[in-house]
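Student: Sending over a structure as structure tokens; questions will come in a sec.
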Amino acid sequence: MVTPAARFCLVAVALVSFLPLAASEIPEPKPSPKPSTPEGLSLLHKMQDALGGAKAIAAIADFDETIKAQAWDASGAPLGEVRKRSRWVRNPSTLRLDQIGPRGTYILYFDGGSSSGWEFLPDTAGPDQYKTTGTAVPLAGGELQFAKGYLSGFELNLWLADSLGYIVTSPRPNVLRIDHGDAATDFTLDPKSGLPLSSASVSLADPDRPVPAEMRYVEWREIAGVRFPIHRVNYHSGLKRGEVTTGTIRVNVGLAPKQLAVQPADAMPELPRS
């Protein structure tokens with residue numbers, strides 16, 4: 001079985017801020033004993049206003065983004081290019097991921113309401129390193145937990161954290177922590193504009209010691225009244241490990257869960273031609 005960690009061997013270093021922990025590390029979500037704090041909610045509302053306002057964010061019913069990511073290992077050697085398409089429907093909560101990359105080509109569909117779905121895993125041994133295994137398998141075990149964590153940490157969910165009942169706090173000045181299940185995301189906000197300057201995943205096993213990785217936001221684009229990051233750079237322990245450039249973002253185009261649930265006949269990801 002190809003683990004989610006292996007599946008994202010290239011793109012993980014480029015998209016760490018919006019990827020959950022590897023499936024083997026994600027415990028079952030459980031209610032947090034701590035409440036949201038006034039400081040955290042104030043920062044969340046400041047970020048929402050900077051992004052376009054909670055009302056505009058909530059008006060986005062579906063989302064379709066394609067990106068390209070370049071990644072490097074710790075020595076600076078290139079790991080290759082990954083192309084990825086993320087599609088999301090707010091209600092009913094649905095996620096579809098299509099990715100092409102060397103030994104990292106896969107497709108995932110997840111119905112958040114029923115907690116079920118399927119995926120085509122990467123072919124890690126065949127002659128073509130850009131193929132899937134060709135057979136869909138149901139989401140189960142660690143793979144299902146991975147999908148749940150990815151959906152709970154999806155940016156359009158995090159941006160409306162208070163309305164979804166997530167725990168919102170502020171561990172440090174201008175730092176917004178959003179607790180979703182047993183994972184969390186820290187956003188460092190620009191004190192003037194309120195836009196995120198960077199974000200990082202946080203293990204709640206030791207919330208005072210975030211993982212030494214951060215995503216820095218370089219450029220934003222306004223679409224349907226909401227600002228989305230379109231250029232992001234990821235650093236691990238101060239070293240540049242990934243760079244993400246958004247190709248297209250489309251919102252409110254009428255995506256339907258039944259459309260996203262269709263398995264491709266050729267077992268290949270659905271990506272626009274570059």
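Each chain of the structure tokens is named A, B, ... in the order shown, its residues numbered from 1; ligands are numbered from 1 in display order.
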Counting only C-alpha atoms, what is within 8 Å of segment 40-43 of chain A, bar same-chain residues fewer than 3 positions away, as a list of chain:residue names?

Tutor: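 Everything that qualifies: A:Ser36, A:Thr37, A:Lys46, A:Met47, A:Asp162, A:Val168, A:Thr169, A:Ser170, A:Asn174, A:Val175, A:Leu176, A:Arg177, A:Gly194.
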
Student: Measuring between only C-alpha atoms, which one of A:Leu95, A:Thr185, A:Pro191, A:Leu79 shows the shortest distance to Pro173 of chain A?

Tutor: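 Ranked by minimum distance to Pro173 of chain A, first place goes to A:Pro191.
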
Student: Would you please extract all helix (DSSP H, G or I) residues from segment 48-242 of chain A, as assigned by DSSP on the backbone, and give them as an MDAnalysis selection string?

Tutor: chainID A and resid 48:51 54:58 141:152 155:158

Student: Could the residues in this selection be saved with C-alpha atoms as a compact mmCIF listing (two decimals), in the first residue's frame?

Tutor:
```txt
# COMPACT_ATOMS: atom_id res chain seq x y z
CA GLN A 48 -11.62 37.13 7.08
CA ASP A 49 -12.03 40.86 6.44
CA ALA A 50 -8.66 41.00 4.66
CA LEU A 51 -9.59 38.03 2.48
CA ALA A 54 -16.86 36.11 5.86
CA LYS A 55 -19.98 36.67 3.74
CA ALA A 56 -18.02 36.58 0.47
CA ILE A 57 -16.08 33.49 1.58
CA ALA A 58 -19.29 31.70 2.58
CA GLY A 141 -8.07 2.95 7.39
CA GLY A 142 -5.24 5.46 7.17
CA GLU A 143 -6.28 6.51 3.66
CA LEU A 144 -9.74 7.47 4.92
CA GLN A 145 -8.25 9.38 7.85
CA PHE A 146 -5.96 11.20 5.44
CA ALA A 147 -8.95 12.33 3.35
CA LYS A 148 -10.83 13.49 6.45
CA GLY A 149 -7.85 15.50 7.64
CA TYR A 150 -7.30 17.04 4.21
CA LEU A 151 -10.93 18.14 4.00
CA SER A 152 -11.05 19.57 7.54
CA GLU A 155 -8.43 26.57 3.16
CA LEU A 156 -12.06 27.52 2.54
CA ASN A 157 -13.00 25.58 5.68
CA LEU A 158 -10.22 27.12 7.78
```

Student: As a VMD selection string, please: every residue in segment 50-113 of chain A that a backbone DSSP assignment puts in strand (DSSP E or B).

Tutor: chain A and resid 62 to 72 78 to 89 94 to 100 106 to 111

Student: Just checking: using only C-alpha atoms, which residue out of A:Gly254, A:Pro38, A:Gly247, A:Gly112 ends up closest to Ser86 of chain A?

Tutor: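 Nearest candidate to Ser86 of chain A out of A:Gly254, A:Pro38, A:Gly247, A:Gly112: A:Gly247.
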